[in-house]
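Structure data follow from work15.cif (mmCIF, C-alpha atoms):
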data_my_file
loop_
_atom_site.label_atom_id
_atom_site.label_comp_id
_atom_site.auth_asym_id
_atom_site.auth_seq_id
_atom_site.Cartn_x
_atom_site.Cartn_y
_atom_site.Cartn_z
CA MET A 13 22.32 16.89 11.32
CA THR A 14 20.15 19.48 13.05
CA THR A 15 20.40 19.59 16.84
CA VAL A 16 17.17 20.35 18.68
CA SER A 17 17.71 22.73 21.59
CA PRO A 18 16.58 21.34 24.95
CA THR A 19 13.80 23.19 26.69
CA THR A 20 11.08 22.74 29.30
CA VAL A 21 7.84 20.89 28.57
CA ILE A 22 4.53 20.91 30.46
CA ASP A 23 3.99 17.25 31.38
CA GLY A 24 0.96 17.50 33.67
CA ILE A 25 -1.75 19.97 34.67
CA GLY A 26 -3.85 19.96 37.83
CA SER A 27 -6.41 22.19 39.48
CA CYS A 28 -8.45 22.58 42.64
CA LEU A 29 -11.46 24.84 43.16
CA PRO A 30 -13.29 25.04 46.50
CA PRO A 31 -16.86 23.76 46.13
CA ARG A 32 -18.52 26.89 47.57
CA VAL A 33 -19.79 29.22 44.82
CA LEU A 34 -20.49 32.92 45.44
CA THR A 35 -22.62 34.66 42.86
CA ASN A 36 -22.50 38.39 42.29
CA GLU A 37 -25.70 38.72 44.30
CA ASP A 38 -24.12 36.75 47.19
CA VAL A 39 -21.19 39.16 47.26
CA ARG A 40 -23.45 42.19 47.03
CA ARG A 41 -25.62 41.05 49.95
CA ARG A 42 -22.69 40.05 52.14
CA GLY A 43 -21.06 43.47 51.95
CA VAL A 44 -24.28 45.46 51.49
CA LEU A 45 -22.59 46.87 48.38
CA ASP A 46 -24.02 49.57 46.16
CA THR A 47 -23.81 47.47 43.02
CA SER A 48 -25.68 44.85 41.01
CA ASP A 49 -25.09 41.68 39.04
CA GLU A 50 -25.42 43.67 35.80
CA TRP A 51 -22.90 46.30 36.96
CA ILE A 52 -20.32 43.67 37.98
CA ARG A 53 -20.70 41.63 34.78
CA SER A 54 -20.49 44.68 32.51
CA ARG A 55 -17.35 46.09 34.14
CA THR A 56 -15.44 42.92 34.98
CA GLY A 57 -16.94 40.00 33.05
CA ILE A 58 -17.33 38.05 36.30
CA ALA A 59 -20.54 36.20 37.21
CA ARG A 60 -19.36 34.02 40.09
CA ARG A 61 -16.27 32.96 42.00
CA ARG A 62 -15.23 30.23 44.49
CA ALA A 63 -14.59 30.75 48.20
CA ALA A 64 -12.71 28.41 50.50
CA GLU A 65 -14.40 27.23 53.69
CA ASP A 66 -13.01 28.55 56.96
CA ASP A 67 -11.09 25.33 57.61
CA THR A 68 -9.50 25.23 54.13
CA SER A 69 -6.16 26.98 53.65
CA THR A 70 -4.01 27.95 50.69
CA GLY A 71 -1.83 24.94 51.44
CA ASP A 72 -4.84 22.60 51.29
CA LEU A 73 -5.72 23.89 47.81
CA ALA A 74 -2.06 23.69 46.73
CA VAL A 75 -1.76 20.06 47.84
CA ALA A 76 -4.83 19.03 45.84
CA ALA A 77 -3.71 20.91 42.70
CA GLY A 78 -0.16 19.57 43.01
CA ARG A 79 -1.41 16.02 43.45
CA ALA A 80 -3.66 16.43 40.41
CA ALA A 81 -0.75 17.68 38.27
CA GLN A 82 1.40 14.71 39.31
CA ASP A 83 -1.49 12.33 38.56
CA SER A 84 -1.87 14.00 35.15
CA ALA A 85 1.84 13.45 34.38
CA GLN A 86 1.99 10.05 36.12
CA ALA A 87 5.25 11.11 37.74
CA PRO A 88 6.46 12.70 41.00
CA ALA A 89 8.12 16.12 41.35
CA ASP A 90 11.67 16.73 42.54
CA LEU A 91 11.11 20.39 43.47
CA VAL A 92 8.03 22.31 44.64
CA LEU A 93 7.45 26.00 44.03
CA VAL A 94 4.30 27.67 45.40
CA ALA A 95 3.40 31.08 44.01
CA THR A 96 1.03 32.83 46.42
CA THR A 97 0.08 36.11 48.08
CA THR A 98 -1.85 34.30 50.81
CA PRO A 99 0.54 31.79 52.45
CA ASP A 100 -0.72 29.67 55.31
CA ARG A 101 1.63 31.51 57.67
CA ARG A 102 4.02 34.46 57.45
CA CYS A 103 6.74 32.01 58.49
CA PRO A 104 7.65 29.39 57.37
CA ALA A 105 6.90 29.15 53.65
CA THR A 106 3.92 27.06 52.57
CA ALA A 107 5.78 25.01 49.93
CA PRO A 108 7.81 22.71 52.24
CA GLU A 109 4.67 21.48 53.98
CA VAL A 110 2.96 21.03 50.61
CA ALA A 111 5.89 18.89 49.46
CA HIS A 112 5.69 16.85 52.68
CA ARG A 113 1.97 16.28 52.32
CA LEU A 114 2.54 15.15 48.74
CA GLY A 115 4.95 12.53 50.05
CA LEU A 116 7.95 13.98 48.22
CA GLY A 117 10.36 13.63 51.10
CA THR A 118 13.17 16.17 51.34
CA VAL A 119 12.90 17.77 47.89
CA PRO A 120 13.67 21.51 47.78
CA ALA A 121 10.55 23.64 48.19
CA PHE A 122 9.98 27.39 48.40
CA ASP A 123 7.37 30.11 48.01
CA LEU A 124 7.46 32.87 45.42
CA ALA A 125 5.66 36.21 45.89
CA ALA A 126 4.86 38.17 42.73
CA VAL A 127 1.10 38.55 43.32
CA CYS A 128 -0.87 37.89 40.10
CA SER A 129 2.31 37.38 38.06
CA GLY A 130 3.46 34.69 40.48
CA PHE A 131 2.72 31.61 38.40
CA LEU A 132 4.51 32.90 35.30
CA TYR A 133 7.42 34.04 37.49
CA GLY A 134 7.49 30.49 38.85
CA LEU A 135 7.34 29.01 35.35
CA THR A 136 10.31 31.17 34.34
CA VAL A 137 12.33 30.12 37.40
CA ALA A 138 11.50 26.44 36.96
CA THR A 139 12.43 26.56 33.27
CA ALA A 140 15.84 27.98 34.15
CA LEU A 141 16.36 25.35 36.87
CA ILE A 142 15.70 22.53 34.40
CA ARG A 143 17.98 24.01 31.76
CA THR A 144 20.82 24.35 34.28
CA GLY A 145 20.37 20.82 35.60
CA VAL A 146 19.30 21.83 39.12
CA CYS A 147 16.14 19.71 38.90
CA THR A 148 14.35 17.51 36.37
CA ARG A 149 10.64 17.67 37.33
CA PRO A 150 9.67 20.87 39.14
CA LEU A 151 6.09 21.31 40.29
CA VAL A 152 4.88 24.91 39.92
CA ILE A 153 1.71 25.71 41.87
CA GLY A 154 -0.30 28.92 41.97
CA ALA A 155 -2.59 28.89 45.01
CA GLU A 156 -4.66 31.59 46.69
CA THR A 157 -7.32 32.19 49.34
CA TYR A 158 -8.01 35.86 48.63
CA SER A 159 -11.23 35.59 50.63
CA ARG A 160 -8.96 35.92 53.69
CA ILE A 161 -7.54 39.33 52.70
CA ILE A 162 -10.45 41.00 50.85
CA ASP A 163 -12.67 43.54 52.59
CA PRO A 164 -16.29 42.46 51.93
CA LEU A 165 -17.30 46.13 52.19
CA ASP A 166 -14.95 47.25 49.40
CA ARG A 167 -16.77 47.21 46.07
CA ASP A 168 -13.51 47.66 44.14
CA THR A 169 -12.10 44.30 45.28
CA ALA A 170 -14.88 42.19 46.84
CA VAL A 171 -16.56 41.59 43.48
CA ILE A 172 -13.36 40.60 41.68
CA PHE A 173 -11.39 37.99 43.61
CA GLY A 174 -11.89 34.28 44.22
CA ASP A 175 -10.03 31.29 45.69
CA GLY A 176 -8.41 28.33 43.95
CA ALA A 177 -5.21 26.59 42.92
CA GLY A 178 -3.65 25.35 39.70
CA ALA A 179 -0.41 23.54 39.00
CA VAL A 180 1.84 22.22 36.26
CA LEU A 181 4.51 19.54 36.42
CA LEU A 182 7.42 20.28 34.08
CA ARG A 183 10.18 18.15 32.58
CA ALA A 184 13.05 18.53 30.15
CA GLY A 185 12.17 18.06 26.49
CA ASP A 186 12.72 19.59 23.08
CA ARG A 187 11.12 22.39 21.12
CA THR A 188 9.28 20.05 18.75
CA GLU A 189 7.07 18.61 21.51
CA PRO A 190 3.60 19.84 22.44
CA GLY A 191 3.89 21.76 25.69
CA ALA A 192 7.39 23.08 24.98
CA ILE A 193 8.26 26.50 26.43
CA ALA A 194 9.55 28.61 23.55
CA GLY A 195 10.39 31.74 25.54
CA THR A 196 9.66 33.81 28.64
CA ASP A 197 9.74 37.48 29.58
CA TRP A 198 9.42 39.18 32.95
CA GLY A 199 9.90 42.51 34.68
CA SER A 200 8.98 44.76 37.58
CA ASP A 201 8.63 48.41 38.56
CA GLY A 202 8.76 49.11 42.30
CA ALA A 203 7.84 52.74 41.71
CA GLY A 204 4.24 51.51 41.57
CA SER A 205 4.38 49.31 44.66
CA ASP A 206 1.61 51.25 46.39
CA LEU A 207 -0.96 50.65 43.63
CA ILE A 208 -1.70 47.10 44.82
CA ALA A 209 -0.92 46.44 48.48
CA ILE A 210 -1.80 45.41 52.01
CA ALA A 211 -0.31 48.26 54.03
CA ALA A 212 -0.08 46.67 57.47
CA GLY A 213 1.29 43.37 58.75
CA GLY A 214 4.82 43.49 57.33
CA ALA A 215 8.09 44.86 58.69
CA ARG A 216 7.29 48.42 57.56
CA GLN A 217 3.98 48.54 59.47
CA PRO A 218 3.87 45.45 61.72
CA ASP A 219 0.90 46.66 63.82
CA PRO A 220 0.63 43.52 66.02
CA GLY A 221 -2.11 45.16 68.11
CA ARG A 222 -4.05 46.16 64.98
CA ARG A 223 -4.16 49.80 66.09
CA LEU A 224 -3.91 51.14 62.57
CA CYS A 225 -6.85 51.91 60.33
CA ARG A 226 -8.99 48.87 59.49
CA ASP A 227 -8.35 49.50 55.80
CA ASP A 228 -4.60 48.93 56.23
CA HIS A 229 -5.13 45.24 56.95
CA TYR A 230 -7.02 44.47 53.75
CA PHE A 231 -5.92 44.12 50.15
CA ARG A 232 -6.35 47.46 48.38
CA MET A 233 -6.05 48.35 44.71
CA ARG A 234 -6.13 51.69 42.90
CA GLY A 235 -8.25 50.45 40.05
CA ARG A 236 -7.91 53.11 37.35
CA GLU A 237 -4.13 53.31 37.62
CA VAL A 238 -3.81 49.53 37.78
CA TYR A 239 -5.92 49.19 34.63
CA GLY A 240 -3.60 51.43 32.63
CA GLN A 241 -0.45 49.76 33.94
CA ALA A 242 -1.84 46.26 33.35
CA VAL A 243 -2.76 46.91 29.73
CA ARG A 244 0.57 48.59 28.99
CA ARG A 245 2.83 46.05 30.72
CA MET A 246 1.05 42.93 29.50
CA THR A 247 1.06 44.26 25.95
CA GLU A 248 4.76 45.12 26.04
CA SER A 249 5.69 41.80 27.66
CA SER A 250 3.60 39.83 25.17
CA ARG A 251 5.30 41.54 22.26
CA ALA A 252 8.71 40.95 23.85
CA VAL A 253 8.22 37.20 24.37
CA LEU A 254 6.85 36.77 20.85
CA ALA A 255 9.92 38.52 19.46
CA LYS A 256 12.23 36.30 21.55
CA SER A 257 10.43 33.21 20.28
CA GLY A 258 10.41 34.33 16.66
CA TRP A 259 6.60 34.26 16.48
CA PRO A 260 4.58 36.98 14.74
CA PRO A 261 1.23 37.74 16.44
CA ALA A 262 -0.57 36.07 13.55
CA ALA A 263 1.10 32.77 14.51
CA VAL A 264 -0.52 32.73 17.96
CA GLY A 265 -3.39 30.26 17.96
CA ALA A 266 -4.35 30.65 21.62
CA PHE A 267 -4.09 33.55 24.06
CA ILE A 268 -4.62 33.22 27.83
CA GLY A 269 -4.12 36.35 29.88
CA HIS A 270 -4.30 36.74 33.63
CA GLN A 271 -8.01 36.50 34.43
CA ALA A 272 -8.35 39.88 36.11
CA ASN A 273 -10.88 41.86 34.13
CA GLN A 274 -12.44 41.19 30.73
CA ARG A 275 -11.83 44.73 29.56
CA ILE A 276 -8.10 44.39 30.30
CA LEU A 277 -7.95 41.05 28.49
CA ASP A 278 -9.75 42.45 25.45
CA SER A 279 -7.51 45.53 25.31
CA VAL A 280 -4.28 43.52 25.53
CA ALA A 281 -5.36 41.01 22.88
CA ASP A 282 -6.42 43.82 20.54
CA ARG A 283 -3.14 45.71 20.96
CA VAL A 284 -1.02 42.59 20.44
CA GLY A 285 -3.09 41.68 17.38
CA ILE A 286 -4.90 38.54 18.54
CA PRO A 287 -8.54 38.11 17.43
CA PRO A 288 -11.26 37.26 20.00
CA ARG A 289 -11.74 33.73 18.61
CA ARG A 290 -8.22 32.87 19.80
CA CYS A 291 -8.72 34.14 23.36
CA PHE A 292 -9.50 31.65 26.12
CA GLY A 293 -10.22 31.89 29.84
CA ASN A 294 -12.58 31.15 32.72
CA LEU A 295 -12.94 34.60 34.30
CA ARG A 296 -16.74 34.46 34.21
CA ASP A 297 -16.90 31.43 36.49
CA VAL A 298 -13.94 31.79 38.88
CA GLY A 299 -13.09 35.50 38.96
CA ASN A 300 -9.57 36.76 39.59
CA THR A 301 -7.64 34.06 41.45
CA ALA A 302 -4.31 35.97 41.37
CA ALA A 303 -1.35 33.55 41.12
CA ALA A 304 -3.75 30.65 40.48
CA SER A 305 -5.35 32.44 37.53
CA ILE A 306 -3.18 31.24 34.63
CA PRO A 307 -2.90 27.55 35.65
CA LEU A 308 -6.64 27.37 36.37
CA ALA A 309 -7.34 28.78 32.90
CA LEU A 310 -4.88 26.26 31.41
CA ALA A 311 -6.63 23.42 33.20
CA ASP A 312 -10.07 24.61 32.11
CA ALA A 313 -9.12 24.91 28.43
CA ALA A 314 -7.35 21.54 28.48
CA ALA A 315 -10.23 19.78 30.23
CA HIS A 316 -12.68 20.97 27.58
CA ARG A 317 -10.19 20.31 24.75
CA ARG A 318 -10.65 23.82 23.43
CA ILE A 319 -7.09 24.04 22.06
CA ARG A 320 -5.33 21.55 19.79
CA PRO A 321 -1.98 20.16 21.10
CA GLY A 322 0.95 21.92 19.47
CA THR A 323 -0.94 25.21 18.98
CA PRO A 324 1.33 28.26 19.52
CA THR A 325 0.08 29.77 22.79
CA LEU A 326 0.74 33.09 24.53
CA LEU A 327 0.37 33.54 28.31
CA THR A 328 0.70 36.91 30.05
CA ALA A 329 0.04 38.35 33.51
CA PHE A 330 0.34 41.51 35.59
CA GLY A 331 0.38 41.91 39.37
CA GLY A 332 1.36 43.95 42.38
CA GLY A 333 4.93 44.94 42.88
CA LEU A 334 4.48 46.02 40.14
CA THR A 335 5.32 42.80 38.29
CA TRP A 336 4.53 41.31 34.89
CA ALA A 337 5.50 38.21 32.92
CA SER A 338 4.72 36.33 29.71
CA ALA A 339 5.45 32.93 28.22
CA ALA A 340 5.24 31.49 24.71
CA LEU A 341 4.65 27.75 24.41
CA THR A 342 3.00 25.13 22.28
CA TRP A 343 -0.22 23.75 23.76
CA PRO A 344 0.51 20.59 25.76
CA ALA A 345 -0.87 17.15 24.94
CA VAL A 346 -1.90 16.35 28.51
CA ARG A 347 -5.08 15.33 30.26
CA PRO A 348 -5.60 17.59 33.28
CA ARG A 349 -6.86 16.38 36.62
CA ASP A 350 -9.10 18.24 39.05
CA LEU A 351 -9.21 17.30 42.73
CA PRO A 352 -11.17 18.71 45.69
CA PRO A 353 -9.36 20.35 48.63
CA GLU A 354 -7.84 17.93 51.11
CA PRO A 355 -8.40 18.77 54.80
CA HIS A 356 -5.07 19.15 56.55
CA SER A 357 -6.24 17.15 59.57
CA THR A 358 -6.72 13.98 57.50
CA ILE A 359 -3.30 14.03 55.87
CA SER A 360 -0.21 12.46 57.35
CA THR A 361 2.38 11.14 54.92
CA THR A 362 1.82 10.31 51.26
CA ARG A 363 4.50 8.31 49.52
CA PRO A 364 4.81 8.19 45.70
CA THR A 365 5.44 4.85 44.06
CA HIS A 366 6.95 4.86 40.56
CA ARG A 367 7.04 1.57 38.62
CA ARG A 368 7.68 1.56 34.89
CA ASN A 369 4.86 3.59 33.30
CA SER A 370 2.53 3.65 36.31
CA TRP A 371 2.60 6.09 39.19
CA THR A 372 0.33 5.93 42.20
CA LEU A 373 -0.10 7.66 45.54
CA SER A 374 -0.65 5.71 48.72
CA THR A 375 -2.11 7.77 51.55
CA THR A 376 -2.09 7.10 55.25
CA THR A 377 -4.37 8.99 57.59
CA SER A 378 -3.43 10.19 61.02
#
Mind turning the file's structure into structure tokens?
Amino acid sequence: MTTVSPTTVIDGIGSCLPPRVLTNEDVRRRGVLDTSDEWIRSRTGIARRRAAEDDTSTGDLAVAAGRAAQDSAQAPADLVLVATTTPDRRCPATAPEVAHRLGLGTVPAFDLAAVCSGFLYGLTVATALIRTGVCTRPLVIGAETYSRIIDPLDRDTAVIFGDGAGAVLLRAGDRTEPGAIAGTDWGSDGAGSDLIAIAAGGARQPDPGRRLCRDDHYFRMRGREVYGQAVRRMTESSRAVLAKSGWPPAAVGAFIGHQANQRILDSVADRVGIPPRRCFGNLRDVGNTAAASIPLALADAAAHRRIRPGTPTLLTAFGGGLTWASAALTWPAVRPRDLPPEPHSTISTTRPTHRRNSWTLSTTTS
């Protein structure tokens, strides 16, 4: 008798995009930038992005995406992991409050900071926690409000980034199921930590009186160097995870890379050996949403049923740190949910109720 190795399976997918849309022309006018819609589209592939309202935080987006993922799976989480570069506060972490607002009681919850690689880092951690028996249904959320840390006058970043959140609920399963994680790969190189950074605000340059240069308080990126590193690291990581999973590139039926720049995505796919018809994403409509990028692309492809359940799928990402990560999985047979942001002021306690095959949320307002 053949024994099927246990693994982690994607059981639910959720997403949340703020309703406010910023076109390339909106961004250009706001920052009085020397650019155009044609220039932005040709160099990035981005036409528009979403921006959170002033009273909407990263945690608000994370709650909505997490709730949508649980609704998709019809089950509650027993651990919450929030991957983000833009937490609601420097202290404490955003995840515990997200778990509370989801009505999950005293489940463990923590933030993970790996910039644009954050979601795949979180997926790798959650997979290991399931396999070691630490938890059974971790909720992995990527959530960002980059509009809070981007300089509207900086053409190199203002035209690229957007806000949003995506989430997956995982469970234990076997490798024959749609949604099964076949392998993961991750790495970092701190020698390049200055290529993508916010210089001020941390322990190295606290600057509580904001006496340092204005530029030090905004997200900055050295574009040309980042481009080369991103293509190299995502290509190497993709090849590594395919080798670990025993998949040749020709076996990959769907490729979703971190939605950073269309030129990067095209270069990585070409180097790995994946044809354009197998590449999926939503960069054009949401821009680069950092840690939320991969789960938002998953939710978009699933919502439009662009990929058949069970299709061998490759995910890969690159971010500041420098960090990178990849995952090989079969496309999940789930129906994603999309929910709008929930204002913090209207949320008190939400308690999950689980009866047989139904799972509902009852919400009380303060």
Could you state which residues are captured by the PyMOL selection byres ((chain A and resi 202) around 12) in this file, as a ChimeraX atom specification? /A:126,199-201,203-209,331-336
Determine, counting all atoms listed in the file, every residue of protein, DNA or RNA that lies within 9 Å of (0.8, 39.0, 36.2) in the file coordinates, then give the result as a PyMOL selection string. chain A and resi 126-133+242+246+269-270+302-303+306+328-332+334-338
On this file, the PyMOL selection byres ((chain A and resi 72-86) around 8) gives some set of residues; write that set as a VMD selection string. chain A and resid 23 to 30 68 to 71 87 to 89 94 110 to 111 113 to 114 151 to 156 176 to 181 346 to 356 369 to 372
Using C-alpha atoms, can you export the residues from the last selection as a short mmCIF file (atom, residue, chain, number, x, y, z; two decimals), in the frame of the given file?
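again.cif written:
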data_model
loop_
_atom_site.label_atom_id
_atom_site.label_comp_id
_atom_site.auth_asym_id
_atom_site.auth_seq_id
_atom_site.Cartn_x
_atom_site.Cartn_y
_atom_site.Cartn_z
CA ASP A 23 3.99 17.25 31.38
CA GLY A 24 0.96 17.50 33.67
CA ILE A 25 -1.75 19.97 34.67
CA GLY A 26 -3.85 19.96 37.83
CA SER A 27 -6.41 22.19 39.48
CA CYS A 28 -8.45 22.58 42.64
CA LEU A 29 -11.46 24.84 43.16
CA PRO A 30 -13.29 25.04 46.50
CA THR A 68 -9.50 25.23 54.13
CA SER A 69 -6.16 26.98 53.65
CA THR A 70 -4.01 27.95 50.69
CA GLY A 71 -1.83 24.94 51.44
CA ALA A 87 5.25 11.11 37.74
CA PRO A 88 6.46 12.70 41.00
CA ALA A 89 8.12 16.12 41.35
CA VAL A 94 4.30 27.67 45.40
CA VAL A 110 2.96 21.03 50.61
CA ALA A 111 5.89 18.89 49.46
CA ARG A 113 1.97 16.28 52.32
CA LEU A 114 2.54 15.15 48.74
CA LEU A 151 6.09 21.31 40.29
CA VAL A 152 4.88 24.91 39.92
CA ILE A 153 1.71 25.71 41.87
CA GLY A 154 -0.30 28.92 41.97
CA ALA A 155 -2.59 28.89 45.01
CA GLU A 156 -4.66 31.59 46.69
CA GLY A 176 -8.41 28.33 43.95
CA ALA A 177 -5.21 26.59 42.92
CA GLY A 178 -3.65 25.35 39.70
CA ALA A 179 -0.41 23.54 39.00
CA VAL A 180 1.84 22.22 36.26
CA LEU A 181 4.51 19.54 36.42
CA VAL A 346 -1.90 16.35 28.51
CA ARG A 347 -5.08 15.33 30.26
CA PRO A 348 -5.60 17.59 33.28
CA ARG A 349 -6.86 16.38 36.62
CA ASP A 350 -9.10 18.24 39.05
CA LEU A 351 -9.21 17.30 42.73
CA PRO A 352 -11.17 18.71 45.69
CA PRO A 353 -9.36 20.35 48.63
CA GLU A 354 -7.84 17.93 51.11
CA PRO A 355 -8.40 18.77 54.80
CA HIS A 356 -5.07 19.15 56.55
CA ASN A 369 4.86 3.59 33.30
CA SER A 370 2.53 3.65 36.31
CA TRP A 371 2.60 6.09 39.19
CA THR A 372 0.33 5.93 42.20
#
For the PyMOL selection byres ((chain A and resi 106) around 10), applied here, can you spell out every residue it catches as a PyMOL selection string? chain A and resi 70-72+74+93-96+98-105+107-111+121-124
Using only C-alpha atoms: which of A:His112, A:Ala170, A:Leu141, A:Glu65 has the shortest distance to Arg42 of chain A: A:Ala170
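Taking atom CA of Tyr239 of chain A as the reference point, atom CA of Ser305 of chain A is found at 17.0 Å.
You will find atom CA of Gln271 of chain A at 11.3 Å from atom CA of Cys291 of chain A.
Shortest separation to Thr301 of chain A among A:Ala272, A:Leu45, A:Leu327, A:Ala192 occurs at residue A:Ala272, atoms counted being all atoms listed in the file.
What separates atom CA of Phe267 of chain A from atom CA of Arg290 of chain A is a distance of 6.0 Å.
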Edge lengths and centre in Å to one decimal, as lines of an AutoDock Vina configuration file, of the axis-aligned box that encloses all listed atoms of segment 137-141 of chain A with 4 Å added on every side?
center_x = 13.9
center_y = 27.7
center_z = 35.3
size_x = 12.9
size_y = 12.8
size_z = 12.1
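Considering all atoms listed in the file, the residue among A:Pro150, A:Gly285, A:Pro31, A:Gly240 positioned nearest to Ala262 of chain A is A:Gly285.
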For Trp51 of chain A, the closest of A:Thr20, A:Thr136, A:Thr97, A:Asp168 counting all atoms listed in the file is A:Asp168
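Counting only C-alpha atoms, the residue from A:Glu248, A:Asp163, A:Glu50, A:Asp175 that sits nearest to Arg32 of chain A is A:Asp175.
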Calculated over all atoms listed in the file, which of the candidates A:Ser249, A:Thr35, A:Thr323, A:Ser48 has the smallest distance to Pro344 of chain A? A:Thr323
Please provide the set of residues having any atom within 12 Å of Ala266 of chain A, restricted to only C-alpha atoms, with same-chain residues fewer than 6 positions apart removed, written as a short mmCIF file (atom, residue, chain, number, x, y, z; two decimals) with C-alpha atoms, in the frame of the given file.
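Output contents, as saved in out-v2.cif:
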data_model
loop_
_atom_site.label_atom_id
_atom_site.label_comp_id
_atom_site.auth_asym_id
_atom_site.auth_seq_id
_atom_site.Cartn_x
_atom_site.Cartn_y
_atom_site.Cartn_z
CA ALA A 281 -5.36 41.01 22.88
CA GLY A 285 -3.09 41.68 17.38
CA ILE A 286 -4.90 38.54 18.54
CA PRO A 287 -8.54 38.11 17.43
CA PRO A 288 -11.26 37.26 20.00
CA ARG A 289 -11.74 33.73 18.61
CA ARG A 290 -8.22 32.87 19.80
CA CYS A 291 -8.72 34.14 23.36
CA PHE A 292 -9.50 31.65 26.12
CA GLY A 293 -10.22 31.89 29.84
CA ALA A 309 -7.34 28.78 32.90
CA LEU A 310 -4.88 26.26 31.41
CA ALA A 313 -9.12 24.91 28.43
CA ALA A 314 -7.35 21.54 28.48
CA ARG A 318 -10.65 23.82 23.43
CA ILE A 319 -7.09 24.04 22.06
CA ARG A 320 -5.33 21.55 19.79
CA PRO A 321 -1.98 20.16 21.10
CA GLY A 322 0.95 21.92 19.47
CA THR A 323 -0.94 25.21 18.98
CA PRO A 324 1.33 28.26 19.52
CA THR A 325 0.08 29.77 22.79
CA LEU A 326 0.74 33.09 24.53
CA LEU A 327 0.37 33.54 28.31
CA THR A 328 0.70 36.91 30.05
CA ALA A 340 5.24 31.49 24.71
CA LEU A 341 4.65 27.75 24.41
CA THR A 342 3.00 25.13 22.28
CA TRP A 343 -0.22 23.75 23.76
CA PRO A 344 0.51 20.59 25.76
#
In the coordinate frame of the file, compute which residues have an atom within 12 Å of (13.0, 33.8, 18.8) when using all atoms listed in the file, and state them as a count of residues only. 18
